[in-house]
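S.K.: My structure is stored as upload18.cif, with mmCIF, C-alpha atoms.
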data_my_file
#
loop_
_atom_site.label_atom_id
_atom_site.label_comp_id
_atom_site.auth_asym_id
_atom_site.auth_seq_id
_atom_site.Cartn_x
_atom_site.Cartn_y
_atom_site.Cartn_z
CA MET A 1 0.00 0.00 0.00
CA THR A 2 2.76 2.41 0.87
CA GLU A 3 6.30 2.54 -0.36
CA PRO A 4 9.17 2.62 2.08
CA VAL A 5 10.90 5.93 2.36
CA LEU A 6 14.58 5.34 2.03
CA ASP A 7 16.16 8.74 1.81
CA VAL A 8 13.98 11.23 3.59
CA THR A 9 16.74 13.30 5.08
CA ALA A 10 18.08 14.29 1.68
CA ALA A 11 14.88 16.20 0.97
CA ALA A 12 14.94 18.15 4.21
CA PRO A 13 16.61 21.52 4.23
CA TYR A 14 19.21 21.65 6.95
CA ALA A 15 18.38 24.94 8.57
CA ALA A 16 20.91 26.97 10.47
CA ALA A 17 20.66 26.51 14.23
CA ALA A 18 17.41 28.16 15.17
CA PRO A 19 17.15 29.97 18.49
CA ARG A 20 13.78 28.48 19.46
CA THR A 21 12.75 24.86 19.67
CA ARG A 22 9.61 25.45 17.69
CA ALA A 23 11.48 26.84 14.71
CA ALA A 24 13.62 23.72 14.54
CA LEU A 25 10.63 21.53 13.65
CA VAL A 26 9.78 21.42 9.96
CA ALA A 27 6.35 20.11 8.96
CA ARG A 28 6.44 16.97 6.83
CA PRO A 29 2.87 16.59 5.56
CA ASP A 30 4.20 14.18 2.94
CA LEU A 31 5.02 11.55 5.58
CA VAL A 32 3.22 9.39 8.11
CA VAL A 33 5.02 8.03 11.16
CA CYS A 34 3.34 5.08 12.85
CA ASN A 35 2.34 5.98 16.41
CA GLU A 36 2.66 2.37 17.51
CA CYS A 37 6.07 1.33 16.13
CA ASP A 38 7.72 4.50 14.73
CA ALA A 39 7.95 3.20 11.14
CA VAL A 40 8.02 5.92 8.49
CA HIS A 41 5.73 5.83 5.46
CA GLU A 42 5.04 8.12 2.54
CA ARG A 43 1.58 9.68 2.77
CA ILE A 44 -0.74 8.55 0.01
CA ASP A 45 -4.26 9.59 -0.88
CA LEU A 46 -6.74 6.94 0.20
CA ARG A 47 -9.80 6.11 -1.84
CA ARG A 48 -13.15 5.94 -0.10
CA GLY A 49 -13.57 2.72 1.84
CA THR A 50 -9.87 1.87 1.94
CA VAL A 51 -7.61 1.94 4.97
CA ALA A 52 -3.85 2.33 5.29
CA ARG A 53 -2.03 0.06 7.69
CA CYS A 54 1.53 0.18 8.97
CA ARG A 55 3.88 -2.09 7.01
CA ARG A 56 5.67 -3.13 10.17
CA CYS A 57 3.07 -3.44 12.94
CA ASP A 58 -0.25 -3.39 11.06
CA ALA A 59 -1.55 -0.37 13.01
CA LEU A 60 -4.31 1.67 11.39
CA LEU A 61 -2.64 4.73 9.86
CA GLY A 62 -5.61 6.30 8.13
CA ARG A 63 -9.02 5.77 6.60
CA GLY A 64 -10.27 6.86 3.21
CA HIS A 65 -13.57 7.64 4.83
CA VAL A 66 -13.86 11.33 5.19
CA MET A 67 -17.38 12.36 5.97
CA PRO A 68 -18.20 15.93 4.93
CA VAL A 69 -18.22 18.40 7.82
CA GLN A 70 -21.93 18.98 7.29
CA SER A 71 -22.69 15.31 7.99
CA LEU A 72 -20.44 15.29 11.05
CA LEU A 73 -22.28 18.34 12.34
CA ALA A 74 -25.65 16.67 11.77
CA PHE A 75 -24.42 13.57 13.61
CA ALA A 76 -23.30 15.69 16.56
CA PHE A 77 -26.71 17.40 16.76
CA ALA A 78 -28.44 14.01 16.69
CA ALA A 79 -26.11 12.75 19.45
CA LEU A 80 -26.95 15.78 21.64
CA LEU A 81 -30.67 15.11 21.19
CA LEU A 82 -30.22 11.44 22.13
CA ILE A 83 -28.19 12.31 25.23
CA VAL A 84 -30.97 14.67 26.39
CA ILE A 85 -33.65 12.02 25.80
CA GLY A 86 -31.52 9.24 27.27
CA ASN A 87 -31.08 11.17 30.50
CA SER A 88 -34.58 12.53 30.96
CA ALA A 89 -36.58 9.42 30.02
CA PRO A 90 -36.64 6.37 32.31
CA ILE A 91 -34.23 3.59 31.41
CA VAL A 92 -36.27 0.86 33.04
CA THR A 93 -39.69 0.72 34.72
CA LEU A 94 -40.35 -1.84 37.44
CA ASP A 95 -43.78 -2.93 38.61
CA LEU A 96 -43.92 -4.80 41.92
CA ARG A 97 -47.60 -5.65 42.39
CA GLY A 98 -48.74 -2.18 41.46
CA VAL A 99 -45.85 -0.27 43.00
CA ILE A 100 -44.08 1.47 40.13
CA SER A 101 -40.39 2.34 40.25
CA GLN A 102 -38.76 4.22 37.40
CA ALA A 103 -35.16 5.28 37.09
CA THR A 104 -33.37 7.75 34.90
CA LEU A 105 -29.59 7.78 34.74
CA PRO A 106 -29.15 11.04 36.74
CA ARG A 107 -31.39 9.69 39.50
CA ALA A 108 -29.55 6.37 39.66
CA ILE A 109 -26.31 8.34 40.04
CA LEU A 110 -27.88 10.50 42.77
CA TYR A 111 -29.12 7.46 44.72
CA THR A 112 -25.68 5.83 44.47
CA TRP A 113 -24.15 9.01 45.91
CA GLN A 114 -26.68 9.02 48.75
CA SER A 115 -26.11 5.32 49.48
CA GLY A 116 -22.57 6.07 50.60
CA GLN A 117 -20.57 5.57 47.37
CA PRO A 118 -19.96 9.12 46.06
CA LEU A 119 -16.82 8.09 44.15
CA VAL A 120 -18.66 5.35 42.25
CA ALA A 121 -21.41 7.88 41.52
CA LEU A 122 -18.83 10.35 40.16
CA LEU A 123 -17.14 7.66 38.05
CA THR A 124 -20.47 6.66 36.52
CA ALA A 125 -21.54 10.27 36.01
CA ALA A 126 -18.25 11.04 34.25
CA THR A 127 -18.03 8.02 31.93
CA ALA A 128 -21.72 7.55 31.07
CA LEU A 129 -23.00 11.13 31.11
CA VAL A 130 -20.52 14.03 31.42
CA PHE A 131 -17.80 12.86 29.01
CA PRO A 132 -20.23 11.78 26.26
CA LEU A 133 -21.97 15.14 26.67
CA CYS A 134 -18.65 17.04 26.53
CA PHE A 135 -17.66 14.96 23.50
CA THR A 136 -20.82 16.01 21.70
CA LEU A 137 -20.67 19.68 22.75
CA LEU A 138 -16.99 20.01 21.83
CA ARG A 139 -17.65 18.49 18.41
CA LEU A 140 -20.63 20.80 17.88
CA TYR A 141 -18.51 23.80 18.84
CA VAL A 142 -15.60 22.91 16.56
CA LEU A 143 -17.74 21.75 13.63
CA MET A 144 -20.05 24.77 13.66
CA SER A 145 -17.05 26.99 12.95
CA LEU A 146 -15.35 24.64 10.50
CA VAL A 147 -18.54 24.30 8.45
CA ARG A 148 -18.45 28.08 7.95
CA GLY A 149 -14.80 27.92 6.97
CA ARG A 150 -13.50 29.42 10.18
CA VAL A 151 -11.18 28.15 12.89
CA PRO A 152 -13.01 28.36 16.24
CA ARG A 153 -11.47 30.20 19.16
CA GLY A 154 -9.55 27.79 21.34
CA PHE A 155 -9.42 25.17 18.57
CA VAL A 156 -6.32 23.45 19.99
CA PRO A 157 -7.51 23.13 23.63
CA ALA A 158 -10.94 22.03 22.38
CA MET A 159 -9.43 19.30 20.21
CA ARG A 160 -7.07 18.13 22.97
CA ALA A 161 -10.02 17.97 25.38
CA LEU A 162 -11.88 16.01 22.71
CA ASN A 163 -9.08 13.42 22.70
CA PHE A 164 -9.44 13.05 26.46
CA VAL A 165 -13.23 12.71 26.65
CA THR A 166 -13.25 10.30 23.72
CA ARG A 167 -10.96 7.95 25.61
CA TRP A 168 -13.07 8.06 28.78
CA SER A 169 -16.58 7.93 27.31
CA MET A 170 -18.21 4.54 27.83
CA VAL A 171 -21.64 4.87 26.24
CA GLU A 172 -21.54 1.42 24.65
CA VAL A 173 -20.55 -0.25 27.92
CA PHE A 174 -23.30 1.63 29.76
CA MET A 175 -25.81 0.48 27.15
CA MET A 176 -24.82 -3.14 27.73
CA GLY A 177 -24.98 -2.50 31.50
CA THR A 178 -28.59 -1.31 31.22
CA LEU A 179 -29.50 -4.53 29.38
CA VAL A 180 -27.91 -6.66 32.10
CA ALA A 181 -29.69 -4.59 34.78
CA VAL A 182 -33.07 -4.97 33.05
CA VAL A 183 -32.66 -8.74 32.85
CA ARG A 184 -31.61 -8.99 36.49
CA CYS A 185 -34.63 -6.90 37.55
CA ALA A 186 -36.91 -9.02 35.39
CA SER A 187 -36.10 -12.07 37.47
CA LEU A 188 -37.59 -10.30 40.51
CA THR A 189 -40.43 -8.14 39.19
CA SER A 190 -41.97 -7.15 35.92
CA ALA A 191 -39.42 -4.94 34.16
CA THR A 192 -40.03 -2.85 31.06
CA PRO A 193 -37.20 -1.18 29.15
CA GLY A 194 -37.86 2.55 28.84
CA ILE A 195 -37.29 5.21 26.19
CA GLY A 196 -33.95 6.09 27.82
CA LEU A 197 -32.56 2.65 27.01
CA PHE A 198 -33.48 2.96 23.34
CA ALA A 199 -32.01 6.46 23.20
CA TYR A 200 -28.72 5.15 24.60
CA ALA A 201 -28.77 2.23 22.15
CA ALA A 202 -29.17 4.67 19.25
CA LEU A 203 -26.48 6.91 20.74
CA THR A 204 -24.07 3.93 20.84
CA MET A 205 -24.47 3.36 17.12
CA LEU A 206 -24.22 7.07 16.33
CA LEU A 207 -21.02 7.53 18.36
CA THR A 208 -19.47 4.48 16.71
CA SER A 209 -19.92 6.00 13.26
CA ILE A 210 -18.69 9.39 14.50
CA LEU A 211 -15.56 7.82 16.02
CA ALA A 212 -14.79 5.79 12.88
CA ALA A 213 -14.07 9.06 11.07
CA GLY A 214 -11.32 9.99 13.56
CA THR A 215 -10.12 13.47 14.42
CA HIS A 216 -7.13 13.80 12.10
CA SER A 217 -9.29 15.24 9.32
CA LEU A 218 -10.56 17.90 11.74
CA TRP A 219 -7.00 18.79 12.79
CA LYS A 220 -6.02 18.98 9.14
CA MET A 221 -8.98 21.15 8.23
CA GLY A 222 -8.38 23.44 11.20
CA SER A 223 -4.73 23.99 10.37
CA GLU A 224 -5.43 24.54 6.68
CA LEU A 225 -8.04 27.22 7.36
CA GLY A 226 -5.66 29.41 9.28
CA PRO A 227 -3.55 29.75 12.38
CA THR A 228 -4.82 27.40 15.06
CA ARG A 229 -3.47 29.51 17.87
CA MET B 1 9.12 -8.79 7.08
CA LYS B 2 8.91 -8.49 3.34
CA GLY B 3 10.46 -5.84 1.16
CA ALA B 4 12.97 -3.18 1.94
CA ALA B 5 14.18 -2.22 5.38
CA ILE B 6 11.87 -0.07 7.43
CA GLN B 7 13.01 3.42 8.28
CA THR B 8 12.07 4.73 11.68
CA GLY B 9 11.22 8.16 12.95
CA ALA B 10 13.96 7.98 15.57
CA LYS B 11 16.59 7.29 12.90
CA LEU B 12 15.44 10.07 10.59
CA GLY B 13 14.66 12.70 13.21
CA LEU B 14 10.93 12.54 12.46
CA LEU B 15 8.42 12.99 15.25
CA SER B 16 4.75 12.19 14.96
CA CYS B 17 2.40 14.02 17.32
CA ARG B 18 0.30 11.55 19.25
CA ALA B 19 -2.39 14.17 19.87
CA CYS B 20 -2.97 15.56 16.37
CA GLY B 21 -0.99 13.34 13.96
CA ARG B 22 1.25 16.09 12.52
CA VAL B 23 4.68 14.86 11.45
CA SER B 24 7.57 17.16 12.31
CA GLN B 25 11.20 16.85 11.31
CA LEU B 26 14.08 18.05 13.43
CA ALA B 27 15.96 20.44 11.16
CA HIS B 28 19.01 20.17 13.41
CA PRO B 29 19.74 18.14 16.51
CA ALA B 30 17.81 19.55 19.47
CA PRO B 31 19.78 20.55 22.53
CA ALA B 32 19.29 18.01 25.28
CA GLY B 33 16.78 18.90 27.95
CA VAL B 34 14.73 21.25 25.79
CA PRO B 35 11.20 19.84 25.42
CA LEU B 36 9.99 19.60 21.86
CA LEU B 37 6.42 20.76 21.36
CA CYS B 38 4.19 20.04 18.40
CA PRO B 39 4.00 23.24 16.31
CA ARG B 40 0.33 22.59 15.60
CA CYS B 41 -1.08 21.60 18.99
CA ASP B 42 1.64 22.14 21.62
CA ALA B 43 1.63 18.49 22.74
CA PRO B 44 5.10 17.20 23.75
CA LEU B 45 6.90 15.22 21.04
CA HIS B 46 9.05 12.18 21.80
CA HIS B 47 10.51 9.28 19.86
CA ARG B 48 9.61 7.17 22.92
CA VAL B 49 7.60 8.60 25.81
CA PRO B 50 10.02 9.09 28.73
CA GLY B 51 9.11 7.33 31.98
CA SER B 52 6.49 5.27 30.18
CA LEU B 53 7.52 1.96 31.76
CA GLN B 54 7.73 3.40 35.28
CA ARG B 55 4.28 4.95 35.05
CA THR B 56 2.78 1.80 33.58
CA TRP B 57 4.34 -0.26 36.40
CA ALA B 58 2.95 2.11 39.03
CA PHE B 59 -0.61 2.02 37.67
CA LEU B 60 -0.46 -1.73 37.07
CA LEU B 61 0.80 -2.59 40.57
CA SER B 62 -1.90 -0.40 42.13
CA ALA B 63 -4.50 -2.17 39.99
CA MET B 64 -3.18 -5.59 41.04
CA ILE B 65 -3.38 -4.67 44.73
CA LEU B 66 -6.95 -3.35 44.39
CA TYR B 67 -7.95 -6.41 42.38
CA VAL B 68 -8.00 -8.42 45.63
CA PRO B 69 -10.61 -6.33 47.54
CA ALA B 70 -12.53 -5.85 44.28
CA ASN B 71 -13.19 -9.57 44.17
CA LEU B 72 -13.38 -10.38 47.88
CA LEU B 73 -15.57 -7.52 49.10
CA PRO B 74 -19.25 -7.40 48.18
CA ILE B 75 -20.04 -5.01 45.34
CA MET B 76 -23.65 -4.62 46.44
CA SER B 77 -26.12 -5.76 49.07
CA THR B 78 -29.80 -6.43 48.60
CA THR B 79 -32.61 -5.96 51.08
CA SER B 80 -35.70 -8.11 50.75
CA VAL B 81 -38.35 -9.71 52.91
CA PHE B 82 -35.97 -12.66 53.26
CA GLY B 83 -33.27 -10.49 54.85
CA ASP B 84 -30.11 -8.78 53.67
CA THR B 85 -27.66 -10.43 51.31
CA ASP B 86 -24.19 -9.36 50.14
CA HIS B 87 -23.18 -10.00 46.55
CA THR B 88 -19.67 -10.33 45.14
CA ILE B 89 -18.82 -10.19 41.44
CA LEU B 90 -18.47 -13.97 41.16
CA GLY B 91 -21.69 -14.41 43.16
CA GLY B 92 -23.59 -12.18 40.72
CA ILE B 93 -22.39 -14.26 37.77
CA GLU B 94 -23.44 -17.44 39.58
CA GLU B 95 -26.92 -15.96 40.20
CA LEU B 96 -27.32 -15.14 36.51
CA ARG B 97 -26.19 -18.64 35.55
CA ALA B 98 -28.48 -20.28 38.10
CA SER B 99 -31.48 -18.32 36.82
CA GLY B 100 -30.78 -19.65 33.33
CA ASP B 101 -29.32 -16.53 31.72
CA TRP B 102 -26.29 -18.29 30.27
CA ALA B 103 -25.52 -15.64 27.66
CA LEU B 104 -25.66 -12.77 30.14
CA ALA B 105 -23.64 -14.70 32.71
CA LEU B 106 -21.00 -15.21 30.02
CA ILE B 107 -20.99 -11.51 29.06
CA VAL B 108 -20.60 -10.42 32.68
CA PHE B 109 -17.92 -13.08 33.26
CA ILE B 110 -15.94 -11.88 30.27
CA ALA B 111 -16.31 -8.21 31.18
CA SER B 112 -15.71 -8.52 34.94
CA ILE B 113 -13.35 -11.46 35.41
CA ALA B 114 -11.66 -12.40 32.13
CA VAL B 115 -10.93 -8.91 30.76
CA PRO B 116 -9.29 -7.49 33.93
CA LEU B 117 -7.20 -10.62 34.48
CA LEU B 118 -6.08 -10.83 30.85
CA LYS B 119 -5.31 -7.13 30.86
CA ILE B 120 -3.12 -7.40 33.93
CA ALA B 121 -1.32 -10.47 32.52
CA ALA B 122 -0.86 -8.86 29.11
CA LEU B 123 0.50 -5.63 30.57
CA LEU B 124 2.96 -7.61 32.71
CA LEU B 125 4.16 -9.46 29.62
CA LEU B 126 4.49 -6.22 27.61
CA LEU B 127 6.36 -4.47 30.41
CA VAL B 128 8.85 -7.28 31.03
CA THR B 129 9.61 -7.87 27.35
CA ALA B 130 9.88 -4.13 26.60
CA GLN B 131 12.21 -3.66 29.55
CA ARG B 132 14.53 -6.38 28.25
CA GLY B 133 14.48 -4.84 24.78
CA SER B 134 13.17 -8.09 23.36
CA ARG B 135 12.82 -8.38 19.57
CA ARG B 136 10.73 -11.54 19.60
CA LYS B 137 7.12 -11.64 18.45
CA GLN B 138 7.02 -7.85 18.05
CA LEU B 139 3.99 -7.87 15.76
CA GLU B 140 2.06 -10.16 18.09
CA ARG B 141 2.94 -8.03 21.12
CA THR B 142 1.78 -4.87 19.34
CA GLN B 143 -1.49 -6.62 18.49
CA LEU B 144 -1.84 -7.65 22.14
CA TYR B 145 -1.39 -4.01 23.15
CA ARG B 146 -4.05 -2.90 20.65
CA MET B 147 -6.42 -5.54 22.00
CA ILE B 148 -6.14 -4.44 25.65
CA GLU B 149 -6.58 -0.82 24.58
CA ALA B 150 -9.76 -1.78 22.70
CA VAL B 151 -11.46 -3.93 25.35
CA GLY B 152 -10.24 -2.20 28.51
CA HIS B 153 -13.27 -0.08 29.32
CA TRP B 154 -15.71 -3.00 28.99
CA SER B 155 -14.88 -4.03 32.56
CA MET B 156 -16.89 -1.01 33.73
CA LEU B 157 -20.00 -3.04 32.93
CA ASP B 158 -20.55 -4.29 36.48
CA VAL B 159 -20.22 -0.79 37.94
CA PHE B 160 -22.99 0.46 35.63
CA VAL B 161 -25.20 -2.55 36.41
CA VAL B 162 -25.02 -1.94 40.17
CA VAL B 163 -25.62 1.82 39.82
CA LEU B 164 -28.71 1.11 37.71
CA LEU B 165 -29.98 -1.51 40.16
CA VAL B 166 -29.51 0.98 43.00
CA GLY B 167 -31.53 3.49 40.99
CA THR B 168 -34.39 1.16 40.03
CA LEU B 169 -34.85 -1.43 42.77
CA ARG B 170 -36.29 0.87 45.40
CA PHE B 171 -39.15 -0.91 47.12
CA GLY B 172 -37.94 -0.37 50.68
CA ALA B 173 -38.28 -3.50 52.78
CA PHE B 174 -39.67 -5.41 49.77
CA GLY B 175 -36.50 -5.04 47.75
CA ALA B 176 -33.69 -2.51 47.61
CA VAL B 177 -30.07 -2.45 46.50
CA GLN B 178 -27.14 -0.66 48.13
CA PRO B 179 -23.69 -0.26 46.56
CA GLN B 180 -20.81 -1.63 48.65
CA ALA B 181 -17.08 -0.93 48.96
CA GLY B 182 -16.07 -3.72 46.54
CA LEU B 183 -17.65 -1.73 43.73
CA LEU B 184 -15.35 1.23 44.38
CA ALA B 185 -12.30 -1.07 44.39
CA PHE B 186 -13.49 -2.68 41.17
CA GLY B 187 -14.07 0.68 39.48
CA ALA B 188 -10.59 1.74 40.59
CA VAL B 189 -9.09 -1.42 39.04
CA VAL B 190 -10.76 -0.59 35.71
CA VAL B 191 -9.55 3.02 35.77
CA LEU B 192 -6.02 2.03 36.86
CA THR B 193 -5.64 -0.65 34.17
CA MET B 194 -6.87 1.86 31.58
CA LEU B 195 -4.32 4.39 32.86
CA ALA B 196 -1.62 1.70 32.76
CA ALA B 197 -2.45 0.75 29.17
CA GLY B 198 -2.58 4.44 28.23
CA SER B 199 0.84 5.11 29.79
CA PHE B 200 2.50 2.28 27.91
CA ASP B 201 4.19 3.52 24.75
CA PRO B 202 3.81 0.67 22.21
CA ARG B 203 6.87 1.95 20.33
CA LEU B 204 8.92 0.49 23.20
CA ILE B 205 8.06 -2.91 21.70
CA TRP B 206 10.21 -1.83 18.73
CA PRO B 207 13.63 -0.84 20.06
CA GLU B 208 15.91 0.91 17.58
CA GLU B 209 18.30 -1.28 15.62
CA PRO B 210 21.99 -0.68 16.29
CA ALA B 211 23.45 1.86 13.84
CA THR B 212 25.09 -0.85 11.71
CA SER B 213 22.01 -1.88 9.76
CA ALA B 214 21.11 -5.23 11.26
CA THR B 215 18.65 -7.29 9.29
CA HIS B 216 15.24 -7.96 10.66
CA ASP B 217 13.96 -11.47 11.16
#
For this file, produce the structure as structure tokens.

M.R.:
Amino acid sequence: MTEPVLDVTAAAPYAAAAPRTRAALVARPDLVVCNECDAVHERIDLRRGTVARCRRCDALLGRGHVMPVQSLLAFAFAALLLIVIGNSAPIVTLDLRGVISQATLPRAILYTWQSGQPLVALLTAATALVFPLCFTLLRLYVLMSLVRGRVPRGFVPAMRALNFVTRWSMVEVFMMGTLVAVVRCASLTSATPGIGLFAYAALTMLLTSILAAGTHSLWKMGSELGPTR
Amino acid sequence: MKGAAIQTGAKLGLLSCRACGRVSQLAHPAPAGVPLLCPRCDAPLHHRVPGSLQRTWAFLLSAMILYVPANLLPIMSTTSVFGDTDHTILGGIEELRASGDWALALIVFIASIAVPLLKIAALLLLLVTAQRGSRRKQLERTQLYRMIEAVGHWSMLDVFVVVLLVGTLRFGAFGAVQPQAGLLAFGAVVVLTMLAAGSFDPRLIWPEEPATSATHD
């Protein structure tokens, strides 16, 4: 897929000793360096539906799957809507001989806090609610500017924060957790999955397709539109 | 390996930013001690992340210590007309299996028992081999690293299940669920193993060849 680069240094201008560290780093947009094994590859244009993998360690280097910014923005709006629904509608409804018990995610977190496990409540709030919400809001913020051909203020900190919340969002695990919880409740009482569960299931699929696109195209777009700082 | 020799970023003075993917080239050797920052996003640039092994060891050892209370202490207790009962992780899986939910019992077993154990074992293997500068099975070890990065957060499943049960099963004396200390230990194990995997720089699996171009097996 990619040709080995044998003599890269010959192409690089050897600048005179620069006073600042930043000036000593020359951009090489023509190259890709594998983040998992440090192998150097020439950058090639990928056709839609193809992926580039590292010749040495098989790591994913890039995807020829660049969704237009407009679609990414639409996906982010849809994700925000699903997060709102998923957190305001009950996830499961229990009926114990006429006594109804419903739970939304924020209330389950609140009860866990009150039952003497505030740290578990915070961990759940962060990974199932706050980080997915931040992920969506940060993407909306960045994409709304990019779609108008502008670099948003604070593009770099927003994108770095996006890296962080992406790593610690666990929507798909939470979705599976709700299924397990519903089944375990069903063995005791009559349990009905609620709208919240379906919203989170849809959100799982939506986030998966958003994540498949990666953030490198956003970084690239941001730096091509103008100074990112 | 087929084809021509692989050139590495360390050999050519090329640095790839792990935050934004920009590739930078050192135009002249950088003075030692000066941190190199990505011109696009200000993230630090390294050929190999310094202190990666030490940090991974620290997170991993903490996770291994907490793994013991996570499995011995109850993760939740239930109140019902039959009295109070404590539940451990293994006990919860056994209950699911006994009530006939084989598939769910298997999912919870994989997420709560198999994934954390395999993660700890895999990280130990990666750390020891990377420390010795081993060149054996490098592709397989990189794939192992990618696997633990991909499945790591699935262990949080049991934490979410208990939180949801606490939120829904609220019938007072007729049935209620309280979270217990084991759940906190278990959540900490998941977070610590994720931090350990995140601190490990997979490029350490691929130590630089000596300057006299040695051939790769």

S.K.: Restrict the calculation to all atoms listed in the file, then for each residue of chain B with any atom at most 7 Å from an atom of chain A give the closest atom pair and their distance in Å to one decimal, rows by chain and rising residue number, as CSV.

M.R.:
residue,atom,partner,partner_atom,distance
B:Ala4,CA,A:Pro4,CA,6.9
B:Ile6,CA,A:Ala39,CA,6.3
B:Gln7,CA,A:Val40,CA,5.6
B:Thr8,CA,A:Ala39,CA,4.4
B:Gly9,CA,A:Asp38,CA,5.4
B:Leu12,CA,A:Thr9,CA,6.5
B:Ser16,CA,A:Val33,CA,5.6
B:Arg18,CA,A:Asn35,CA,6.6
B:Ala19,CA,A:Arg160,CA,6.9
B:Cys20,CA,A:His216,CA,6.2
B:Gly21,CA,A:His216,CA,6.4
B:Val23,CA,A:Arg28,CA,5.4
B:Ser24,CA,A:Ala27,CA,4.6
B:Gln25,CA,A:Val26,CA,5.0
B:Leu26,CA,A:Leu25,CA,4.9
B:Ala27,CA,A:Ala24,CA,5.3
B:His28,CA,A:Ala24,CA,6.6
B:Leu36,CA,A:Thr21,CA,6.3
B:Leu37,CA,A:Arg22,CA,6.8
B:Pro39,CA,A:Arg22,CA,6.2
B:Cys41,CA,A:Val156,CA,5.6
B:Leu104,CA,A:Val180,CA,6.8
B:Leu139,CA,A:Cys57,CA,5.3
B:Thr142,CA,A:Cys57,CA,6.7
B:His153,CA,A:Met170,CA,6.9
B:Trp154,CA,A:Val173,CA,5.7
B:Met156,CA,A:Val173,CA,6.9
B:Leu157,CA,A:Gly177,CA,5.2
B:Asp158,CA,A:Gly177,CA,6.9
B:Phe160,CA,A:Gly177,CA,5.5
B:Val161,CA,A:Gly177,CA,4.9
B:Val163,CA,A:Ala108,CA,6.0
B:Leu164,CA,A:Ala108,CA,5.7
B:Leu165,CA,A:Ala181,CA,6.2
B:Val166,CA,A:Ala108,CA,6.3
B:Gly167,CA,A:Ala108,CA,3.7
B:Thr168,CA,A:Ala103,CA,5.1
B:Arg170,CA,A:Ser101,CA,6.7
B:Gln178,CA,A:Ser115,CA,6.2
B:Pro179,CA,A:Gln117,CA,6.7
B:Leu184,CA,A:Val120,CA,5.7
B:Pro202,CA,A:Glu36,CA,5.1
B:Arg203,CA,A:Cys37,CA,4.3
B:Trp206,CA,A:Cys37,CA,5.8

S.K.: Could you jot down the CA of Gly172 in chain B to CA of Ala89 in chain A separation for me, Å, one decimal place?

M.R.: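 Taking CA of Gly172 in chain B and CA of Ala89 in chain A, their separation equals 22.9 Å.
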
S.K.: Name all residues at most 8 Å from Val142 in chain A (count all atoms listed in the file; drop same-chain ones fewer than 5 positions away) and give them as a list in words.

M.R.: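 Contacts, in chain order: Val151, Pro152, Phe155 and Ala158 of chain A.
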
S.K.: Please evaluate the PyMOL selection byres ((chain B and resi 135) around 12) against the displayed coordinates and give the resulting residues as a list in words.

M.R.: Leu126, Thr129, Ala130, Gln131, Arg132, Gly133, Ser134, Arg136, Lys137, Gln138, Leu139, Glu140, Arg141, Thr142, Arg203, Leu204, Ile205, Trp206, Pro207, Glu208, Glu209, Thr215, His216 and Asp217 of chain B

S.K.: Convert the current residue selection to file output with C-alpha atoms, as a short mmCIF file (atom, residue, chain, number, x, y, z; two decimals), keeping the file's coordinate frame.

M.R.:
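Resulting contents of part38.cif:
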data_model
loop_
_atom_site.label_atom_id
_atom_site.label_comp_id
_atom_site.auth_asym_id
_atom_site.auth_seq_id
_atom_site.Cartn_x
_atom_site.Cartn_y
_atom_site.Cartn_z
CA LEU B 126 4.49 -6.22 27.61
CA THR B 129 9.61 -7.87 27.35
CA ALA B 130 9.88 -4.13 26.60
CA GLN B 131 12.21 -3.66 29.55
CA ARG B 132 14.53 -6.38 28.25
CA GLY B 133 14.48 -4.84 24.78
CA SER B 134 13.17 -8.09 23.36
CA ARG B 136 10.73 -11.54 19.60
CA LYS B 137 7.12 -11.64 18.45
CA GLN B 138 7.02 -7.85 18.05
CA LEU B 139 3.99 -7.87 15.76
CA GLU B 140 2.06 -10.16 18.09
CA ARG B 141 2.94 -8.03 21.12
CA THR B 142 1.78 -4.87 19.34
CA ARG B 203 6.87 1.95 20.33
CA LEU B 204 8.92 0.49 23.20
CA ILE B 205 8.06 -2.91 21.70
CA TRP B 206 10.21 -1.83 18.73
CA PRO B 207 13.63 -0.84 20.06
CA GLU B 208 15.91 0.91 17.58
CA GLU B 209 18.30 -1.28 15.62
CA THR B 215 18.65 -7.29 9.29
CA HIS B 216 15.24 -7.96 10.66
CA ASP B 217 13.96 -11.47 11.16
#

S.K.: For the atom pair CA of Gln180 in chain B and CA of Asp86 in chain B, what is the interatomic distance in Å to one decimal place?

M.R.: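 Here the two named atoms are 8.6 Å from each other.
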
S.K.: Suppose you want the space between CA of Ala74 in chain A and CA of Leu133 in chain A; what is it in Å?

M.R.: 15.4 Å

S.K.: Using the chain letters and numbers from the file, give me the residues hit by the PyMOL selection byres ((chain B and resi 94-98) around 12), as a list of chain:residue names.

M.R.: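 Against this file, the PyMOL selection byres ((chain B and resi 94-98) around 12) returns the residues A:Val180, A:Ala181, A:Val183, A:Arg184, A:Cys185, A:Ala186, A:Ser187, B:His87, B:Thr88, B:Ile89, B:Leu90, B:Gly91, B:Gly92, B:Ile93, B:Ser99, B:Gly100, B:Asp101, B:Trp102, B:Ala103, B:Leu104, B:Ala105, B:Leu106, B:Ile107, B:Val108, B:Phe109.
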
S.K.: Once you count all atoms listed in the file, which residues end up no further than 12 Å from (-28.6, 16.9, 18.7) in the file's frame, shown as a list in words?

M.R.: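 Answer for this query, in the requested form: Leu72, Leu73, Ala74, Phe75, Ala76, Phe77, Ala78, Ala79, Leu80, Leu81, Leu82, Ile83, Val84, Ile85, Gly86, Leu133, Thr136, Leu137, Arg139, Leu140, Ala199, Leu203 and Leu206 of chain A.
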
S.K.: Can you spell out as a ChimeraX atom specification the set of residues that the PyMOL selection byres ((chain B and resi 150) around 12) selects in the structure I just provided?

M.R.: /A:167,170 /B:115,119,143-149,151-155,194,197-198
